[in-house]
$ cat my_file-v7.cif   # mmCIF, C-alpha atoms
data_query
#
loop_
_atom_site.label_atom_id
_atom_site.label_comp_id
_atom_site.auth_asym_id
_atom_site.auth_seq_id
_atom_site.Cartn_x
_atom_site.Cartn_y
_atom_site.Cartn_z
CA MET A 1 70.44 -81.78 54.10
CA ARG A 2 70.80 -80.06 57.41
CA ARG A 3 73.16 -77.58 55.77
CA ILE A 4 70.66 -76.76 53.08
CA VAL A 5 67.94 -76.16 55.67
CA ARG A 6 70.27 -73.99 57.70
CA THR A 7 71.27 -71.97 54.62
CA LEU A 8 67.61 -71.55 53.72
CA ILE A 9 66.73 -70.33 57.18
CA VAL A 10 69.60 -67.85 57.11
CA LEU A 11 68.51 -66.62 53.69
CA ILE A 12 64.88 -66.18 54.81
CA VAL A 13 65.88 -64.33 57.96
CA LEU A 14 68.21 -62.15 55.91
CA GLY A 15 65.50 -61.49 53.34
CA VAL A 16 62.98 -60.48 55.98
CA ALA A 17 65.58 -58.26 57.66
CA ILE A 18 66.43 -56.52 54.38
CA GLY A 19 62.73 -56.19 53.58
CA LEU A 20 62.01 -54.65 56.96
CA TYR A 21 64.99 -52.34 56.62
CA LEU A 22 63.98 -51.16 53.16
CA THR A 23 60.34 -50.60 54.01
CA GLN A 24 61.14 -48.73 57.22
CA PRO A 25 59.13 -45.51 57.55
CA ARG A 26 61.54 -42.59 57.26
CA THR A 27 62.01 -39.93 59.88
CA LEU A 28 62.46 -36.20 59.37
CA PRO A 29 65.98 -34.83 58.89
CA ASP A 30 67.28 -33.50 62.22
CA GLY A 31 66.05 -30.03 63.02
CA PHE A 32 63.79 -29.89 59.93
CA THR A 33 61.28 -27.52 61.47
CA ALA A 34 63.73 -25.74 63.77
CA GLY A 35 63.54 -21.96 63.68
CA THR A 36 60.42 -21.85 61.50
CA ALA A 37 57.85 -19.16 62.18
CA ALA A 38 54.13 -19.84 62.42
CA ASP A 39 52.33 -17.43 60.12
CA PRO A 40 48.72 -18.52 59.56
CA GLN A 41 48.16 -15.91 56.85
CA ALA A 42 51.02 -17.23 54.76
CA GLY A 43 49.76 -20.72 55.58
CA ALA A 44 46.36 -19.93 54.06
CA LEU A 45 48.06 -19.51 50.69
CA ILE A 46 49.93 -22.80 51.08
CA PHE A 47 46.64 -24.43 52.03
CA ALA A 48 45.05 -23.09 48.82
CA ALA A 49 48.00 -23.97 46.58
CA ALA A 50 48.20 -27.48 48.02
CA GLY A 51 44.45 -27.97 47.52
CA CYS A 52 43.93 -29.52 50.97
CA ALA A 53 40.24 -28.60 51.18
CA SER A 54 39.41 -30.12 47.80
CA CYS A 55 39.81 -33.61 49.24
CA HIS A 56 39.49 -33.22 53.01
CA THR A 57 36.18 -31.38 53.31
CA SER A 58 33.14 -33.60 53.64
CA PRO A 59 31.40 -34.64 50.39
CA GLY A 60 29.46 -31.76 48.84
CA ALA A 61 30.52 -29.26 51.50
CA GLU A 62 30.17 -25.55 50.67
CA THR A 63 33.43 -24.01 49.55
CA ASP A 64 32.66 -20.52 50.85
CA GLY A 65 33.90 -19.53 54.27
CA MET A 66 36.09 -21.53 56.62
CA PRO A 67 36.62 -25.08 55.36
CA VAL A 68 35.73 -27.86 57.80
CA LEU A 69 38.26 -30.62 57.20
CA ALA A 70 36.04 -33.44 58.43
CA GLY A 71 37.05 -35.85 55.64
CA GLY A 72 34.84 -38.56 54.20
CA GLN A 73 35.20 -38.05 50.43
CA ALA A 74 35.64 -41.39 48.68
CA PHE A 75 38.39 -41.99 46.12
CA ALA A 76 37.85 -45.17 44.13
CA SER A 77 40.95 -46.73 42.59
CA ASP A 78 42.18 -50.02 41.14
CA PHE A 79 43.41 -50.95 44.61
CA GLY A 80 40.30 -50.19 46.61
CA THR A 81 38.43 -47.16 47.86
CA PHE A 82 40.24 -44.59 49.97
CA TYR A 83 38.39 -42.23 52.29
CA ALA A 84 39.96 -38.87 53.02
CA PRO A 85 40.51 -38.71 56.78
CA ASN A 86 39.45 -36.01 59.21
CA ILE A 87 42.37 -33.56 59.34
CA SER A 88 40.61 -30.87 61.35
CA PHE A 89 42.29 -30.10 64.65
CA ASP A 90 39.69 -31.94 66.72
CA GLN A 91 41.42 -33.50 69.74
CA THR A 92 40.18 -37.05 69.19
CA ALA A 93 38.92 -37.34 65.60
CA GLY A 94 41.55 -35.15 63.95
CA LEU A 95 45.05 -33.76 64.34
CA GLY A 96 44.38 -31.93 67.62
CA GLY A 97 47.16 -33.69 69.51
CA TRP A 98 49.78 -33.49 66.78
CA SER A 99 53.12 -31.72 67.08
CA LEU A 100 54.57 -29.72 64.21
CA ASP A 101 57.18 -32.43 63.63
CA GLU A 102 54.52 -35.13 63.44
CA PHE A 103 52.62 -33.01 60.95
CA ALA A 104 55.76 -32.36 58.89
CA ARG A 105 56.60 -36.06 58.81
CA ALA A 106 53.06 -36.91 57.67
CA VAL A 107 53.00 -34.28 54.93
CA THR A 108 56.50 -34.60 53.52
CA LEU A 109 57.23 -38.28 54.14
CA GLY A 110 53.79 -39.87 54.21
CA VAL A 111 54.30 -41.40 57.65
CA SER A 112 51.79 -41.22 60.51
CA PRO A 113 52.74 -40.28 64.08
CA ARG A 114 52.47 -44.01 64.91
CA GLY A 115 55.08 -44.71 62.24
CA GLN A 116 52.78 -46.19 59.60
CA HIS A 117 53.02 -45.47 55.88
CA TYR A 118 50.15 -43.54 54.38
CA TYR A 119 48.64 -44.60 51.07
CA PRO A 120 49.80 -42.44 48.18
CA ALA A 121 46.24 -41.22 47.62
CA PHE A 122 47.72 -38.61 49.95
CA PRO A 123 50.10 -36.84 47.55
CA TYR A 124 53.21 -36.83 49.74
CA ALA A 125 55.28 -37.77 46.69
CA ALA A 126 54.64 -34.15 45.69
CA TYR A 127 54.53 -32.56 49.16
CA GLN A 128 57.97 -34.01 49.97
CA HIS A 129 59.41 -30.91 48.27
CA MET A 130 57.53 -28.56 50.61
CA THR A 131 59.84 -26.24 52.51
CA ALA A 132 59.87 -26.46 56.32
CA GLU A 133 58.73 -22.83 56.43
CA ASP A 134 55.67 -23.60 54.33
CA VAL A 135 54.85 -26.72 56.36
CA ALA A 136 55.02 -24.71 59.58
CA ASN A 137 52.82 -21.93 58.18
CA LEU A 138 50.33 -24.47 56.85
CA PHE A 139 50.19 -26.11 60.29
CA ALA A 140 49.58 -22.72 61.90
CA TYR A 141 46.78 -21.93 59.46
CA MET A 142 45.04 -25.30 59.78
CA LYS A 143 44.94 -24.84 63.55
CA THR A 144 42.74 -21.77 63.04
CA LEU A 145 40.08 -23.79 61.17
CA PRO A 146 37.05 -25.25 62.96
CA GLY A 147 37.42 -28.70 64.51
CA ASP A 148 35.00 -31.50 63.67
CA ALA A 149 34.40 -34.67 65.67
CA THR A 150 33.44 -36.94 62.76
CA PRO A 151 35.68 -40.03 63.00
CA SER A 152 37.79 -40.90 59.95
CA ARG A 153 36.46 -43.78 57.90
CA ALA A 154 38.75 -46.79 57.37
CA HIS A 155 39.94 -47.35 53.79
CA ASP A 156 38.34 -50.19 51.90
CA VAL A 157 41.46 -51.87 50.49
CA GLY A 158 41.98 -55.60 49.99
CA PHE A 159 44.99 -57.88 50.33
CA PRO A 160 47.89 -57.36 49.65
CA PHE A 161 47.45 -53.60 49.51
CA ASN A 162 46.12 -53.54 53.07
CA ILE A 163 49.62 -54.33 54.37
CA ARG A 164 50.92 -50.83 54.97
CA ARG A 165 54.49 -51.95 55.43
CA GLY A 166 54.48 -52.89 51.74
CA LEU A 167 53.98 -49.22 50.90
CA GLY A 168 57.61 -48.77 51.89
CA LEU A 169 58.54 -50.67 48.74
CA TRP A 170 56.16 -48.54 46.70
CA LYS A 171 57.82 -45.42 48.06
CA LEU A 172 61.27 -46.81 47.25
CA ALA A 173 60.22 -47.50 43.69
CA PHE A 174 58.12 -44.46 42.89
CA VAL A 175 58.83 -41.56 45.22
CA SER A 176 61.76 -39.77 43.67
CA ASP A 177 63.53 -36.97 45.51
CA ASP A 178 64.17 -35.22 42.23
CA TYR A 179 62.01 -32.73 40.46
CA VAL A 180 61.01 -33.73 36.94
CA MET A 181 61.48 -30.42 35.16
CA ALA A 182 64.58 -28.29 35.04
CA ALA A 183 64.02 -24.70 36.14
CA ASP A 184 66.61 -22.17 35.08
CA THR A 185 64.67 -19.00 35.86
CA GLU A 186 63.16 -17.80 39.11
CA THR A 187 59.68 -17.88 37.56
CA LEU A 188 60.11 -21.45 36.38
CA ALA A 189 61.43 -22.50 39.77
CA ARG A 190 58.41 -20.94 41.47
CA GLY A 191 56.11 -22.56 38.89
CA ARG A 192 57.77 -25.92 39.46
CA TYR A 193 57.34 -25.63 43.21
CA LEU A 194 53.66 -24.75 42.78
CA VAL A 195 53.01 -27.50 40.21
CA GLU A 196 55.25 -30.38 41.27
CA ALA A 197 55.26 -29.82 45.03
CA LEU A 198 52.17 -27.98 46.29
CA GLY A 199 49.65 -28.31 43.47
CA HIS A 200 50.41 -32.02 42.87
CA CYS A 201 48.94 -31.53 39.38
CA THR A 202 50.71 -34.62 38.11
CA GLU A 203 48.70 -36.91 40.41
CA CYS A 204 45.84 -36.64 37.90
CA HIS A 205 47.49 -35.34 34.72
CA THR A 206 50.22 -38.01 34.38
CA PRO A 207 49.39 -41.65 33.56
CA ARG A 208 50.34 -44.43 35.98
CA ASN A 209 51.72 -47.94 35.59
CA ALA A 210 49.96 -51.10 36.78
CA VAL A 211 50.95 -50.59 40.41
CA GLY A 212 50.11 -46.90 40.54
CA GLY A 213 53.55 -45.38 39.95
CA LEU A 214 53.65 -42.22 37.80
CA ASP A 215 55.06 -42.62 34.30
CA ARG A 216 57.54 -39.76 34.36
CA SER A 217 58.27 -40.17 30.64
CA ARG A 218 54.68 -39.11 29.92
CA TRP A 219 54.71 -36.19 32.35
CA MET A 220 51.35 -34.31 32.23
CA ALA A 221 50.33 -36.17 29.07
CA GLY A 222 46.85 -37.00 30.36
CA ALA A 223 45.40 -40.08 32.03
CA PRO A 224 42.14 -41.86 32.73
CA ASN A 225 40.05 -40.16 35.40
CA PRO A 226 41.25 -41.83 38.63
CA SER A 227 37.80 -41.79 40.16
CA GLY A 228 35.12 -41.89 37.55
CA LYS A 229 34.40 -41.60 33.87
CA GLY A 230 36.20 -39.64 31.19
CA THR A 231 39.85 -38.59 31.00
CA ILE A 232 42.11 -35.98 32.54
CA PRO A 233 43.52 -33.99 29.61
CA ASN A 234 47.02 -33.88 28.22
CA ILE A 235 48.32 -30.40 29.12
CA THR A 236 51.67 -30.59 27.33
CA PRO A 237 52.15 -28.33 24.28
CA ALA A 238 51.39 -31.36 22.09
CA ALA A 239 47.74 -31.06 23.06
CA LEU A 240 47.28 -27.62 24.60
CA ASP A 241 48.07 -24.52 22.57
CA TRP A 242 46.85 -21.87 25.00
CA SER A 243 49.01 -18.81 25.57
CA GLU A 244 50.36 -17.98 29.02
CA GLY A 245 47.67 -15.30 29.22
CA ASP A 246 45.00 -17.90 28.42
CA LEU A 247 46.32 -20.14 31.19
CA VAL A 248 46.37 -17.32 33.75
CA GLU A 249 42.80 -16.40 32.80
CA TYR A 250 41.75 -20.06 33.23
CA PHE A 251 43.42 -20.26 36.64
CA THR A 252 41.66 -17.03 37.65
CA SER A 253 38.11 -17.23 36.27
CA GLY A 254 37.90 -20.85 35.11
CA PHE A 255 37.21 -19.77 31.53
CA THR A 256 38.97 -21.44 28.62
CA PRO A 257 39.81 -19.29 25.57
CA ASP A 258 36.54 -20.38 23.94
CA TYR A 259 34.53 -19.68 27.09
CA ASP A 260 33.99 -23.19 28.23
CA SER A 261 34.43 -23.27 32.00
CA ALA A 262 36.32 -25.54 34.36
CA GLY A 263 34.27 -28.34 35.90
CA GLY A 264 34.62 -31.21 38.34
CA LYS A 265 37.80 -31.38 40.41
CA MET A 266 39.47 -28.78 38.18
CA ALA A 267 36.82 -26.23 39.17
CA GLU A 268 38.01 -26.71 42.75
CA VAL A 269 41.60 -26.30 41.63
CA VAL A 270 40.66 -23.01 39.96
CA GLU A 271 38.91 -21.84 43.15
CA ASN A 272 42.15 -22.53 45.01
CA LEU A 273 44.43 -20.96 42.42
CA SER A 274 42.29 -17.83 42.20
CA ARG A 275 43.21 -17.15 45.84
CA LEU A 276 46.94 -17.01 45.02
CA PRO A 277 48.80 -13.90 43.89
CA GLU A 278 48.67 -13.38 40.12
CA THR A 279 52.45 -13.85 39.93
CA ASP A 280 51.97 -17.41 41.16
CA ARG A 281 49.37 -18.15 38.50
CA ALA A 282 51.75 -16.70 35.91
CA ALA A 283 54.55 -18.93 37.23
CA ILE A 284 52.35 -22.01 36.87
CA ALA A 285 51.49 -20.91 33.32
CA ALA A 286 55.20 -20.52 32.51
CA TYR A 287 55.86 -24.03 33.84
CA VAL A 288 53.01 -25.51 31.77
CA LYS A 289 54.29 -23.79 28.63
CA ALA A 290 57.78 -25.19 29.30
CA LEU A 291 56.59 -28.81 29.48
CA PRO A 292 58.06 -31.09 26.82
CA ALA A 293 55.43 -32.01 24.23
CA VAL A 294 54.16 -35.56 24.69
CA PRO A 295 51.68 -36.62 22.02
CA MET B 1 6.14 -74.87 36.02
CA ARG B 2 3.96 -71.85 36.34
CA PRO B 3 6.55 -69.54 37.93
CA PHE B 4 9.01 -70.66 35.26
CA SER B 5 6.75 -69.78 32.34
CA LEU B 6 5.98 -66.49 34.04
CA SER B 7 9.65 -65.64 34.24
CA VAL B 8 10.11 -66.66 30.61
CA LEU B 9 7.29 -64.33 29.72
CA THR B 10 8.97 -61.54 31.67
CA LEU B 11 12.23 -62.17 29.83
CA VAL B 12 10.51 -62.08 26.47
CA ALA B 13 8.74 -58.89 27.39
CA ALA B 14 11.99 -57.38 28.59
CA SER B 15 13.85 -58.26 25.40
CA LEU B 16 11.05 -56.80 23.30
CA ALA B 17 11.31 -53.62 25.31
CA ALA B 18 15.11 -53.51 25.13
CA PRO B 19 15.47 -50.74 22.54
CA VAL B 20 13.29 -48.58 24.76
CA LEU B 21 15.08 -47.92 28.01
CA SER B 22 13.59 -47.84 31.48
CA ASP B 23 12.42 -44.27 31.34
CA GLY B 24 10.90 -44.71 27.93
CA HIS B 25 13.65 -43.08 25.85
CA SER B 26 15.37 -44.99 23.07
CA SER B 27 19.15 -44.91 23.00
CA LYS B 28 18.89 -42.82 19.85
CA ALA B 29 16.78 -40.24 21.66
CA LEU B 30 19.22 -40.15 24.57
CA GLU B 31 22.14 -39.59 22.23
CA ALA B 32 20.25 -36.84 20.42
CA ALA B 33 19.54 -35.16 23.76
CA ALA B 34 23.22 -35.19 24.70
CA LYS B 35 24.09 -33.76 21.29
CA ALA B 36 21.52 -31.00 21.64
CA ARG B 37 22.82 -30.10 25.10
CA ASN B 38 26.35 -29.84 23.77
CA ALA B 39 25.14 -27.66 20.90
CA ASN B 40 23.34 -25.39 23.34
CA MET B 41 26.49 -25.15 25.47
CA SER B 42 28.45 -24.14 22.35
CA MET B 43 25.89 -21.42 21.68
CA ILE B 44 26.15 -20.21 25.26
CA GLY B 45 29.95 -20.29 25.04
CA TYR B 46 29.93 -18.25 21.83
CA HIS B 47 27.88 -15.48 23.37
CA MET B 48 29.91 -15.56 26.57
CA GLY B 49 32.90 -15.05 24.31
CA VAL B 50 31.41 -11.93 22.67
CA LEU B 51 30.70 -10.45 26.11
CA GLY B 52 33.99 -11.64 27.56
CA SER B 53 36.12 -10.05 24.87
CA MET B 54 34.42 -6.71 25.58
CA ALA B 55 34.91 -7.20 29.32
CA LYS B 56 38.60 -7.89 28.81
CA GLY B 57 39.03 -4.95 26.44
CA GLU B 58 39.93 -7.16 23.49
CA ALA B 59 36.93 -5.83 21.60
CA PRO B 60 35.41 -2.32 21.81
CA TYR B 61 32.28 -2.03 23.95
CA ASP B 62 29.18 -1.96 21.75
CA ALA B 63 25.93 -1.73 23.67
CA ALA B 64 23.75 -3.08 20.86
CA LEU B 65 26.02 -6.04 20.13
CA ALA B 66 26.43 -6.80 23.83
CA THR B 67 22.68 -6.71 24.39
CA ALA B 68 22.09 -9.04 21.44
CA ALA B 69 24.68 -11.48 22.76
CA ALA B 70 23.16 -11.37 26.23
CA GLU B 71 19.66 -11.96 24.84
CA ASN B 72 20.78 -15.01 22.90
CA LEU B 73 22.65 -16.27 25.93
CA GLN B 74 19.58 -15.80 28.07
CA ALA B 75 17.53 -17.81 25.57
CA GLY B 76 20.08 -20.63 25.78
CA ALA B 77 20.05 -20.53 29.56
CA ALA B 78 16.26 -20.68 29.62
CA MET B 79 16.01 -23.78 27.39
CA SER B 80 13.66 -26.23 29.06
CA ARG B 81 15.68 -28.83 30.89
CA ILE B 82 12.88 -31.40 30.89
CA VAL B 83 13.48 -32.21 27.26
CA LEU B 84 17.26 -31.64 27.17
CA TYR B 85 18.26 -33.65 30.26
CA LEU B 86 16.54 -36.95 29.52
CA GLU B 87 17.09 -39.47 32.27
CA GLY B 88 19.58 -42.13 31.20
CA SER B 89 21.71 -39.78 29.06
CA GLU B 90 24.60 -39.53 31.52
CA GLN B 91 28.32 -39.86 30.79
CA GLY B 92 29.27 -43.45 30.11
CA ALA B 93 25.75 -44.42 29.04
CA VAL B 94 25.59 -42.17 25.99
CA ALA B 95 28.38 -41.25 23.58
CA GLY B 96 29.45 -37.61 23.82
CA SER B 97 27.72 -37.02 27.15
CA ARG B 98 29.59 -35.46 30.08
CA ALA B 99 26.50 -35.16 32.26
CA LYS B 100 27.08 -36.67 35.68
CA ALA B 101 24.49 -39.02 37.12
CA GLU B 102 24.09 -36.51 39.99
CA ILE B 103 21.98 -34.36 37.65
CA TRP B 104 19.21 -36.91 38.17
CA SER B 105 20.06 -38.29 41.59
CA ASP B 106 20.26 -34.74 42.99
CA SER B 107 17.77 -33.08 40.65
CA ALA B 108 16.83 -30.39 43.18
CA GLY B 109 20.46 -29.29 43.50
CA PHE B 110 20.89 -29.26 39.74
CA GLU B 111 17.71 -27.26 39.27
CA LYS B 112 18.91 -24.71 41.81
CA GLN B 113 22.18 -24.15 39.91
CA ALA B 114 20.37 -24.00 36.57
CA ILE B 115 17.99 -21.35 37.88
CA ALA B 116 20.93 -19.35 39.26
CA PHE B 117 22.40 -19.40 35.75
CA GLU B 118 19.08 -18.33 34.20
CA THR B 119 18.80 -15.46 36.68
CA ALA B 120 22.37 -14.29 36.09
CA ALA B 121 21.85 -14.47 32.31
CA ALA B 122 18.69 -12.39 32.57
CA ALA B 123 20.52 -9.78 34.64
CA MET B 124 23.22 -9.70 31.96
CA VAL B 125 20.71 -8.45 29.37
CA THR B 126 20.25 -5.28 31.41
CA ALA B 127 23.91 -4.97 32.39
CA ALA B 128 25.20 -5.49 28.85
CA GLY B 129 23.13 -2.57 27.55
CA THR B 130 24.00 -0.26 30.44
CA ASP B 131 27.75 0.29 30.16
CA LEU B 132 31.06 -1.55 30.15
CA GLU B 133 31.43 -1.42 33.91
CA ALA B 134 28.04 -3.03 34.48
CA LEU B 135 28.87 -5.68 31.89
CA ARG B 136 32.17 -6.46 33.62
CA GLY B 137 30.50 -6.77 37.01
CA GLN B 138 27.78 -9.08 35.76
CA MET B 139 30.34 -11.13 33.80
CA GLN B 140 31.87 -12.20 37.10
CA ALA B 141 28.53 -13.21 38.59
CA LEU B 142 27.48 -15.01 35.42
CA GLY B 143 30.84 -16.77 35.07
CA GLY B 144 30.57 -18.00 38.63
CA THR B 145 27.33 -19.80 37.85
CA CYS B 146 29.07 -21.78 35.05
CA GLY B 147 31.62 -23.19 37.48
CA ASP B 148 29.08 -23.70 40.26
CA CYS B 149 27.14 -26.09 38.05
CA HIS B 150 30.02 -27.69 36.15
CA LYS B 151 31.80 -28.57 39.37
CA PRO B 152 29.22 -31.02 40.75
CA TYR B 153 27.36 -31.97 37.56
CA ARG B 154 29.81 -32.27 34.67
CA GLY B 155 32.38 -35.03 34.17
CA PRO B 156 35.80 -34.67 32.51
CA ARG B 157 36.29 -34.96 28.76
CA ASN B 158 35.66 -38.37 27.25
#
$ encode --input "my_file-v7.cif" --output "structure tokens"
Amino acid sequence: MRRIVRTLIVLIVLGVAIGLYLTQPRTLPDGFTAGTAADPQAGALIFAAAGCASCHTSPGAETDGMPVLAGGQAFASDFGTFYAPNISFDQTAGLGGWSLDEFARAVTLGVSPRGQHYYPAFPYAAYQHMTAEDVANLFAYMKTLPGDATPSRAHDVGFPFNIRRGLGLWKLAFVSDDYVMAADTETLARGRYLVEALGHCTECHTPRNAVGGLDRSRWMAGAPNPSGKGTIPNITPAALDWSEGDLVEYFTSGFTPDYDSAGGKMAEVVENLSRLPETDRAAIAAYVKALPAVP
Amino acid sequence: MRPFSLSVLTLVAASLAAPVLSDGHSSKALEAAAKARNANMSMIGYHMGVLGSMAKGEAPYDAALATAAAENLQAGAAMSRIVLYLEGSEQGAVAGSRAKAEIWSDSAGFEKQAIAFETAAAAMVTAAGTDLEALRGQMQALGGTCGDCHKPYRGPRN
């Protein structure tokens, strides 16, 4: 009997140790941001391509002029409601005290400066592919934006999803280091970087399993609207027959080939994409056309 | 006993009134309103397309045709919203509707965007008949008003 108890205790301790090890928040590779420049102008394009303002400005904020990243937009989900935090560079309410490395760890690994996992409502599963150069430029640009003292609102998430350590398991299961699409031309590689890394298009356009992991076998095949009514459309060639020119036009003016116009969150995406060079919009179009058809 | 019978009465009254929704519109009327809105949007889209293909150089510029398209578009933009946007006909409540509830909860904001569209459509009538350059310039302004309204007030496809 005593032996059984002792074995059990050993097993439990071992299990907890393995669990803690596996769910450990990762740290940046050594020297990740070393030697990077800080070019705010280049960072403005990263900021647009990554769509930061679409979620981190306050609800209903004007999109003209300098974005104020005060946070506060609510994102309802099956796991609770997430509130986008204040990521302005205010000293107390925002990222004012952050170092570049802390910022890089947050963006590419989804880990806070205090070593806590972020919820994947923050699309770090996509941003993990961001180059150190782009992270550094983004950081430099965001520093030029106005600060705002509005405190971040706590997420409204119930047990067990309120245990952040558990997100380590989620990351293990669903954050893959690999890109989904092959890219054998320079244009496709650029398109893939814009779509899979910065644009995080798949966060809405790909369906998820019961615990919120992306179903990579149905890549971009459409999904229920994560926060509201209606559906996010299938944009694989099985459902979308637009030409590359049609796609570029849509990313520029928001007009579909039959002169419907982008609405909702996609209208914000178009606003962001229209700020990028046309070659980038063409690269995204090439990527979309190369998607495998998923009915 | 009295409060009970009162509440029973209320229930009976409510069930009698059920086919007529809170704002006095039957579900059939709400559905018809959503359908009419979608039809009007198709009309607007068609005429945008005529102007857009000239702006993009896909079709030759034709002042008379462009003016006609702009006039029809203006008529669509000026359709009275009181009868088209019946309260209770939002997405989820009525089949085929993509109207967000914000149209009614933020009616002043919606009205502002709708008037901006009307104004831009009216300006297009003049621009379309002037020359291709004027048409192109106004196309941008007019197109912007589509997105400005669809962003806060239209939901994704059903």
$ resolve_selection --input "my_file-v7.cif" --expression "the PyMOL selection byres ((chain A) within 9 of (chain B))" --output "ChimeraX atom specification"
/A:60,225,228-233,253-255,257-268
$ resolve_selection --input "my_file-v7.cif" --expression "the PyMOL selection byres ((chain A and resi 112) around 12)" --output "PDB file with C-alpha atoms, in the frame of the given file"
ATOM      1  CA  PRO A  25      59.130 -45.510  57.550  1.00  0.00           C
ATOM      2  CA  ARG A  26      61.540 -42.590  57.260  1.00  0.00           C
ATOM      3  CA  THR A  27      62.010 -39.930  59.880  1.00  0.00           C
ATOM      4  CA  LEU A  28      62.460 -36.200  59.370  1.00  0.00           C
ATOM      5  CA  LEU A  95      45.050 -33.760  64.340  1.00  0.00           C
ATOM      6  CA  TRP A  98      49.780 -33.490  66.780  1.00  0.00           C
ATOM      7  CA  SER A  99      53.120 -31.720  67.080  1.00  0.00           C
ATOM      8  CA  ASP A 101      57.180 -32.430  63.630  1.00  0.00           C
ATOM      9  CA  GLU A 102      54.520 -35.130  63.440  1.00  0.00           C
ATOM     10  CA  PHE A 103      52.620 -33.010  60.950  1.00  0.00           C
ATOM     11  CA  ALA A 104      55.760 -32.360  58.890  1.00  0.00           C
ATOM     12  CA  ARG A 105      56.600 -36.060  58.810  1.00  0.00           C
ATOM     13  CA  ALA A 106      53.060 -36.910  57.670  1.00  0.00           C
ATOM     14  CA  VAL A 107      53.000 -34.280  54.930  1.00  0.00           C
ATOM     15  CA  THR A 108      56.500 -34.600  53.520  1.00  0.00           C
ATOM     16  CA  LEU A 109      57.230 -38.280  54.140  1.00  0.00           C
ATOM     17  CA  GLY A 110      53.790 -39.870  54.210  1.00  0.00           C
ATOM     18  CA  VAL A 111      54.300 -41.400  57.650  1.00  0.00           C
ATOM     19  CA  PRO A 113      52.740 -40.280  64.080  1.00  0.00           C
ATOM     20  CA  ARG A 114      52.470 -44.010  64.910  1.00  0.00           C
ATOM     21  CA  GLY A 115      55.080 -44.710  62.240  1.00  0.00           C
ATOM     22  CA  GLN A 116      52.780 -46.190  59.600  1.00  0.00           C
ATOM     23  CA  HIS A 117      53.020 -45.470  55.880  1.00  0.00           C
ATOM     24  CA  TYR A 118      50.150 -43.540  54.380  1.00  0.00           C
ATOM     25  CA  TYR A 119      48.640 -44.600  51.070  1.00  0.00           C
ATOM     26  CA  PHE A 122      47.720 -38.610  49.950  1.00  0.00           C
ATOM     27  CA  TYR A 124      53.210 -36.830  49.740  1.00  0.00           C
ATOM     28  CA  ARG A 164      50.920 -50.830  54.970  1.00  0.00           C
TER      29      ARG A 164
END
$ atom_distance --input "my_file-v7.cif" --atom1 "atom CA of Tyr193 of chain A" --atom2 "atom CA of Tyr179 of chain A"
8.9 Å
$ residues_around --input "my_file-v7.cif" --residues "Thr236 of chain A" --least-positions-apart "2" --cutoff "10 Å" --atoms "only C-alpha atoms" --output "ChimeraX atom specification"
/A:205,218-222,233-234,238-241,288-295
$ resolve_selection --input "my_file-v7.cif" --expression "the PyMOL selection byres ((chain A and resi 10-21) around 12)" --output "number ranges by chain"
A: 3-9, 22-26, 164-169, 172
$ atom_distance --input "my_file-v7.cif" --atom1 "atom CA of Asp134 of chain A" --atom2 "atom CA of Asp30 of chain A"
17.2 Å
$ residues_around --input "my_file-v7.cif" --residues "segment 77-81 of chain B" --least-positions-apart "4" --cutoff "8 Å" --atoms "only C-alpha atoms" --output "PyMOL selection string"
chain B and resi 44+73+85+114+117-118+121
$ atom_distance --input "my_file-v7.cif" --atom1 "atom CA of Gln138 of chain B" --atom2 "atom CA of Ala70 of chain B"
10.8 Å
$ residues_around --input "my_file-v7.cif" --residues "Gly88 of chain B" --least-positions-apart "4" --cutoff "12 Å" --atoms "all atoms listed in the file" --output "PyMOL selection string"
chain B and resi 20-31+33-34+84+92-95+97+99-105
$ residues_around --input "my_file-v7.cif" --residues "Ala126 of chain A" --least-positions-apart "2" --cutoff "7 Å" --atoms "all atoms listed in the file" --output "list in words"
Pro123, Tyr124, Gln128, His129, Glu196, Ala197, Leu198 and His200 of chain A
$ closest_residue --input "my_file-v7.cif" --among "A:Ser77, A:Gln91, A:Thr252, A:Thr144" --to "Ala38 of chain A" --atoms "all atoms listed in the file"
A:Thr144
$ closest_residue --input "my_file-v7.cif" --among "A:Arg192, A:Lys143, A:His56, A:Arg275" --to "Phe75 of chain A" --atoms "all atoms listed in the file"
A:His56
$ closest_residue --input "my_file-v7.cif" --among "B:Val83, B:Met54, B:Ala59, B:Ala108" --to "Asp131 of chain B" --atoms "all atoms listed in the file"
B:Met54
$ residues_around --input "my_file-v7.cif" --residues "Ala68 of chain B" --least-positions-apart "5" --cutoff "12 Å" --atoms "all atoms listed in the file" --output "list in words"
His47, Met48, Val50, Leu51, Asp62, Ala63, Leu73, Gln74, Ala75, Met124, Val125, Thr126, Ala127, Ala128 and Gly129 of chain B
